[in-house]
Amino acid sequence: MYDNEFFVVDMASCSSTGEIINSLSLALETLNHSGKRIVLKLNESYLNQSQLLSIQSLITSYGCTLDTIETINPETAAVAEGMNILVQKPIEKRVEPKEENQENKKGEFEPFSINVENKHDIIALKDVNGLHFEADLDAIQKQQDSINISSDLKQAGIPSRSDFNEIEEHISSQYTKPEEIITKVEEFAKITSPQLNIESSINENENIEDFGNVEKNSIGVYKKAYDETQIEADQWEEVDFYETPTFDPVVSDSKNTTYVNQTLRSGQILESEGNVVIIGDCHPGSEIRAIGDITVWGVLSGIAHAGCKGNINAKVRALKLNAVQLRIGNCYSRRPDGSNIPYIIRSSIFTPEEARVVDGEIMLFKINQN
Amino acid sequence: MAGSVIVITSGKGGVGKTTTSANIGTALAHMGNKVVLIDTDIGLRNLDLLLGLENRIVYTIVDVVEERCKLKQALVKDKKNPNLCLLAAAQTRDKSAVDADQLKDICEKLKKDFDYVLVDCPAGIEQGFQNAVAGANEAIVVTTPEMSAIRDADRIIGLLESKEGVEKYRLLVNRVRPKLEKENAIMGVDDVVEILSCDLIGFVPEDTNIITSTNKGEPVVNDEKSLAGQAYINIAKRIMGEEVPFLDIDTPVGIIEKIKNFFMKKA
């Protein structure tokens, strides 16, 4: 039914949006699918427009496009059609590696082997957290015979670090070049004051520059933080306010990414030597400093400093960018006055935005919805 | 001429220290004084929010103490009034990041260039209080007409008396509700002053405008209609040494009264 351009993700067993997002990002993270068209199998679950938008932007952030949604829920179908996404009724036939399941029920891992269905060239990989994701044949055949994935990820769709390690070990043992897949975790993140739980941190092989598909329509300038704020020099002896910090630019070569699965609260600092992905909100008074990029899957209203060792090409993205201050490299900018009501802006409409430095000034760009 | 360092303290939390600091500071600056506000509530800063300067803070008092920036770099100028500056507290640290000598040093430096250095003290009598009081030569003790606040204020006054350097301390009774006072439901300002046997610098009536002004990040003294704003302006005048009569909040201001006043003024 779907050819190699497609990547079919089966979410029929997921009950909540959070679960879908977790499973989906796990699926997209685990294998390299850049440029693929995603087919989402949703079955009965109902998703409203903002939820679908979040899922779509997640997929976009991995360089894929959301092509088709398979659902039997008429409301979801209507929403999807409104967003120009193809809608299809699910087809009953499914590749179920039943025998293997039964054999290995007692074992810790549930292996799946490649079952080639001649017509479709699709293999079903079962399963992480009850989701099947089907990958195309080419990608899998390169990866030798069979792959074991831990089925031990029952809780809430959030993979713990040990689970990740297990998956890594079992995947990488099958590969000829293990460093090409997920390699051993190295922990870079450091969080001060009340300790946060870092769920997992994995090395990312993707080229980070291709991370988002960004349209060039500026929706507002973050003004510079230092124009009217400080005391004028003539009132004082000569002092350069905000003298530009001198850095030896450090670009995050290793491109390691830290995942933090919790809300950052006031007073908490998250520091990382690579990129940071936060699944949760960043409240006012919190601070994120990363040598690489910062991505917040939620509302960003604290201070974010991307490229904090001088990388001016670093980016800050968030589902809702309401940061008190944005800092990229040695550029500082602040939120415009009057929007100083972080607790009131709480609508369900999210506009994913990305902040970049353009001609020495930090600009916000809308992340392309198509 | 060296300016004076005034610490605004209370012991108890939530009586309005920060609101008082922001409003007195703004009022003093409006009257042409050069004012700097120091937030010493490290880890639980709020003064920046009340002044609407939250988005402008880059360096904080901890950066100054740890010599990551110069003192003058850390001063944030107010949006409207160039005479008013804020030295913000760090949000990501705690009170132990600064010690009393360091704060005293900062106050000494600022005193040379500013007429008034207002220090917003954190609640409690621990390190934060000791830091805030260190450089002060004057104190304003904020209290409300409640037994718990009065007891804490009494303790604070005792500590201030034993502190060298603090030459005088005066009492500010906040959130006065004349209506309840009349019904003898709560203590009156006079009762509070009598219990604490301390000079009164002024009282501030309860005002719902305070809440909206806090959320907007604009001190209530900018609002001419607000009674609390008026009270704060009077207090600022008293700090400058002017003799201002205490606010008369007993007069009932109904519609008829207002119409009467209107015609009286015209005539």
# chains A, B, ... in the order shown; residues from 1 in each chain; ligands from 1
call {"tool": "select_by_dssp", "arguments": {"residues": "stretch 133-245 of chain B", "states": "alpha helix (DSSP H)", "output": "MDAnalysis selection string"}}
result
chainID B and resid 133:134 147:161 178:182 189:196 209:216 227:239
call {"tool": "interface_residues", "arguments": {"of": "chain B", "to": "chain A", "cutoff": "7 Å", "atoms": "only C-alpha atoms", "output": "number ranges by chain"}}
result
B: 43, 55-56, 73, 75-77, 91-92
call {"tool": "write_last_selection", "arguments": {"atoms": "all heavy atoms", "output": "PDB file, in the first residue's frame"}}
result
ATOM      1  N   GLY B  43      16.950  34.609  45.500  1.00  0.00           N
ATOM      2  CA  GLY B  43      16.267  33.326  45.335  1.00  0.00           C
ATOM      3  C   GLY B  43      14.761  33.467  45.267  1.00  0.00           C
ATOM      4  O   GLY B  43      14.071  32.603  44.748  1.00  0.00           O
ATOM      5  N   ASN B  55      12.350  41.870  32.460  1.00  0.00           N
ATOM      6  CA  ASN B  55      12.988  41.449  31.209  1.00  0.00           C
ATOM      7  C   ASN B  55      14.294  42.177  30.912  1.00  0.00           C
ATOM      8  O   ASN B  55      14.920  41.935  29.904  1.00  0.00           O
ATOM      9  CB  ASN B  55      12.010  41.636  30.040  1.00  0.00           C
ATOM     10  CG  ASN B  55      11.449  43.026  29.981  1.00  0.00           C
ATOM     11  OD1 ASN B  55      11.718  43.849  30.845  1.00  0.00           O
ATOM     12  ND2 ASN B  55      10.669  43.310  28.971  1.00  0.00           N
ATOM     13  N   ARG B  56      14.700  43.072  31.800  1.00  0.00           N
ATOM     14  CA  ARG B  56      15.903  43.849  31.515  1.00  0.00           C
ATOM     15  C   ARG B  56      17.103  43.412  32.338  1.00  0.00           C
ATOM     16  O   ARG B  56      18.205  43.922  32.164  1.00  0.00           O
ATOM     17  CB  ARG B  56      15.628  45.332  31.790  1.00  0.00           C
ATOM     18  CG  ARG B  56      14.691  45.959  30.807  1.00  0.00           C
ATOM     19  CD  ARG B  56      14.296  47.331  31.313  1.00  0.00           C
ATOM     20  NE  ARG B  56      13.832  48.202  30.242  1.00  0.00           N
ATOM     21  CZ  ARG B  56      12.615  48.188  29.754  1.00  0.00           C
ATOM     22  NH1 ARG B  56      11.745  47.326  30.211  1.00  0.00           N
ATOM     23  NH2 ARG B  56      12.262  49.023  28.806  1.00  0.00           N
ATOM     24  N   GLN B  73      27.317  48.316  36.025  1.00  0.00           N
ATOM     25  CA  GLN B  73      26.713  47.543  34.938  1.00  0.00           C
ATOM     26  C   GLN B  73      25.448  46.825  35.386  1.00  0.00           C
ATOM     27  O   GLN B  73      24.558  46.573  34.578  1.00  0.00           O
ATOM     28  CB  GLN B  73      27.712  46.492  34.447  1.00  0.00           C
ATOM     29  CG  GLN B  73      28.755  47.020  33.520  1.00  0.00           C
ATOM     30  CD  GLN B  73      29.731  45.934  33.179  1.00  0.00           C
ATOM     31  OE1 GLN B  73      30.486  45.486  34.014  1.00  0.00           O
ATOM     32  NE2 GLN B  73      29.698  45.505  31.942  1.00  0.00           N
ATOM     33  N   LEU B  75      23.215  47.864  37.443  1.00  0.00           N
ATOM     34  CA  LEU B  75      22.066  48.718  37.774  1.00  0.00           C
ATOM     35  C   LEU B  75      21.137  48.840  36.575  1.00  0.00           C
ATOM     36  O   LEU B  75      21.555  49.202  35.495  1.00  0.00           O
ATOM     37  CB  LEU B  75      22.551  50.104  38.197  1.00  0.00           C
ATOM     38  CG  LEU B  75      23.359  50.152  39.485  1.00  0.00           C
ATOM     39  CD1 LEU B  75      23.879  51.549  39.708  1.00  0.00           C
ATOM     40  CD2 LEU B  75      22.530  49.705  40.668  1.00  0.00           C
ATOM     41  N   VAL B  76      19.895  48.490  36.787  1.00  0.00           N
ATOM     42  CA  VAL B  76      18.901  48.571  35.718  1.00  0.00           C
ATOM     43  C   VAL B  76      18.114  49.855  35.888  1.00  0.00           C
ATOM     44  O   VAL B  76      17.571  50.128  36.952  1.00  0.00           O
ATOM     45  CB  VAL B  76      17.946  47.359  35.764  1.00  0.00           C
ATOM     46  CG1 VAL B  76      16.979  47.414  34.609  1.00  0.00           C
ATOM     47  CG2 VAL B  76      18.727  46.069  35.745  1.00  0.00           C
ATOM     48  N   LYS B  77      18.065  50.632  34.829  1.00  0.00           N
ATOM     49  CA  LYS B  77      17.372  51.908  34.892  1.00  0.00           C
ATOM     50  C   LYS B  77      15.891  51.691  34.671  1.00  0.00           C
ATOM     51  O   LYS B  77      15.491  50.863  33.870  1.00  0.00           O
ATOM     52  CB  LYS B  77      17.931  52.796  33.787  1.00  0.00           C
ATOM     53  CG  LYS B  77      17.794  54.251  34.019  1.00  0.00           C
ATOM     54  CD  LYS B  77      18.817  54.924  33.132  1.00  0.00           C
ATOM     55  CE  LYS B  77      18.306  56.153  32.497  1.00  0.00           C
ATOM     56  NZ  LYS B  77      19.281  56.653  31.519  1.00  0.00           N
ATOM     57  N   GLN B  91      17.965  35.056  41.016  1.00  0.00           N
ATOM     58  CA  GLN B  91      16.862  34.136  41.283  1.00  0.00           C
ATOM     59  C   GLN B  91      17.375  32.712  41.474  1.00  0.00           C
ATOM     60  O   GLN B  91      16.735  31.906  42.127  1.00  0.00           O
ATOM     61  CB  GLN B  91      15.869  34.215  40.111  1.00  0.00           C
ATOM     62  CG  GLN B  91      14.651  33.323  40.239  1.00  0.00           C
ATOM     63  CD  GLN B  91      13.717  33.772  41.342  1.00  0.00           C
ATOM     64  OE1 GLN B  91      14.036  34.652  42.134  1.00  0.00           O
ATOM     65  NE2 GLN B  91      12.570  33.158  41.434  1.00  0.00           N
ATOM     66  N   THR B  92      18.533  32.447  40.920  1.00  0.00           N
ATOM     67  CA  THR B  92      18.996  31.058  40.889  1.00  0.00           C
ATOM     68  C   THR B  92      19.953  30.714  42.026  1.00  0.00           C
ATOM     69  O   THR B  92      20.590  29.687  42.004  1.00  0.00           O
ATOM     70  CB  THR B  92      19.672  30.784  39.546  1.00  0.00           C
ATOM     71  OG1 THR B  92      20.623  31.816  39.304  1.00  0.00           O
ATOM     72  CG2 THR B  92      18.672  30.760  38.431  1.00  0.00           C
TER      73      THR B  92
END
call {"tool": "closest_residue", "arguments": {"among": "A:Gly292, A:Gly18, A:Gly360, A:Gly63", "to": "A:Arg37", "atoms": "only C-alpha atoms"}}
result
A:Gly63
call {"tool": "residues_around", "arguments": {"residues": "B:Lys168", "least_positions_apart": "6", "cutoff": "8 Å", "atoms": "only C-alpha atoms", "output": "number ranges by chain"}}
result
B: 137-139
call {"tool": "write_last_selection", "arguments": {"atoms": "C-alpha atoms", "output": "short mmCIF file (atom, residue, chain, number, x, y, z; two decimals), in the first residue's frame"}}
result
data_model
loop_
_atom_site.label_atom_id
_atom_site.label_comp_id
_atom_site.auth_asym_id
_atom_site.auth_seq_id
_atom_site.Cartn_x
_atom_site.Cartn_y
_atom_site.Cartn_z
CA ASN B 137 21.53 53.90 58.65
CA GLU B 138 17.75 54.15 58.70
CA ALA B 139 14.96 51.60 58.80
#
call {"tool": "residues_around", "arguments": {"residues": "stretch 97-102 of chain B", "least_positions_apart": "6", "cutoff": "7 Å", "atoms": "only C-alpha atoms", "output": "ChimeraX atom specification"}}
result
/B:62,65,130-131,134
call {"tool": "write_last_selection", "arguments": {"atoms": "C-alpha atoms", "output": "PDB file, in the first residue's frame"}}
result
ATOM      1  CA  VAL B  62      25.485  38.090  43.083  1.00  0.00           C
ATOM      2  CA  VAL B  65      29.730  40.323  44.586  1.00  0.00           C
ATOM      3  CA  GLN B 130      21.464  40.451  58.506  1.00  0.00           C
ATOM      4  CA  ASN B 131      22.705  41.248  54.987  1.00  0.00           C
ATOM      5  CA  ALA B 134      24.283  45.703  57.418  1.00  0.00           C
TER       6      ALA B 134
END
call {"tool": "atom_distance", "arguments": {"atom1": "atom CA of B:Val5", "atom2": "atom CA of B:Leu28"}}
result
13.2 Å
call {"tool": "residues_around", "arguments": {"residues": "B:Gly124", "least_positions_apart": "5", "cutoff": "12 Å", "atoms": "only C-alpha atoms", "output": "list of chain:residue names"}}
result
B:Thr9, B:Ser10, B:Gly11, B:Lys12, B:Gly13, B:Gly14, B:Lys17, B:Asp41, B:Lys95, B:Phe129, B:Gln130, B:Asn131, B:Ala132, B:Ala149, B:Asp152, B:Ala153, B:Arg155, B:Ile156, B:Leu159
call {"tool": "residues_around", "arguments": {"residues": "B:Ala2", "least_positions_apart": "3", "cutoff": "10 Å", "atoms": "only C-alpha atoms", "output": "PyMOL selection string"}}
result
chain B and resi 5+108-116
call {"tool": "write_last_selection", "arguments": {"atoms": "C-alpha atoms", "output": "CSV table (one decimal), in the first residue's frame"}}
result
chain,number,residue,atom,x,y,z
B,5,VAL,CA,20.6,54.0,53.2
B,108,GLU,CA,28.8,52.5,50.8
B,109,LYS,CA,29.6,52.7,47.1
B,110,LEU,CA,26.1,53.6,46.0
B,111,LYS,CA,25.6,56.1,48.8
B,112,LYS,CA,28.1,58.4,47.1
B,113,ASP,CA,26.1,58.7,43.9
B,114,PHE,CA,22.5,58.4,45.0
B,115,ASP,CA,20.4,60.4,47.4
B,116,TYR,CA,18.5,57.4,48.6
call {"tool": "atom_distance", "arguments": {"atom1": "atom CA of A:Asp293", "atom2": "atom CA of A:Tyr259"}}
result
12.1 Å
call {"tool": "select_by_dssp", "arguments": {"residues": "stretch 4-194 of chain B", "states": "strand (DSSP E or B)", "output": "JSON, numbers by chain"}}
result
{"B": [4, 5, 6, 7, 8, 9, 35, 36, 37, 38, 39, 75, 76, 77, 84, 85, 86, 87, 116, 117, 118, 119, 120, 138, 139, 140, 141, 142, 143, 168, 169, 170, 171, 172, 173, 174, 175, 176]}
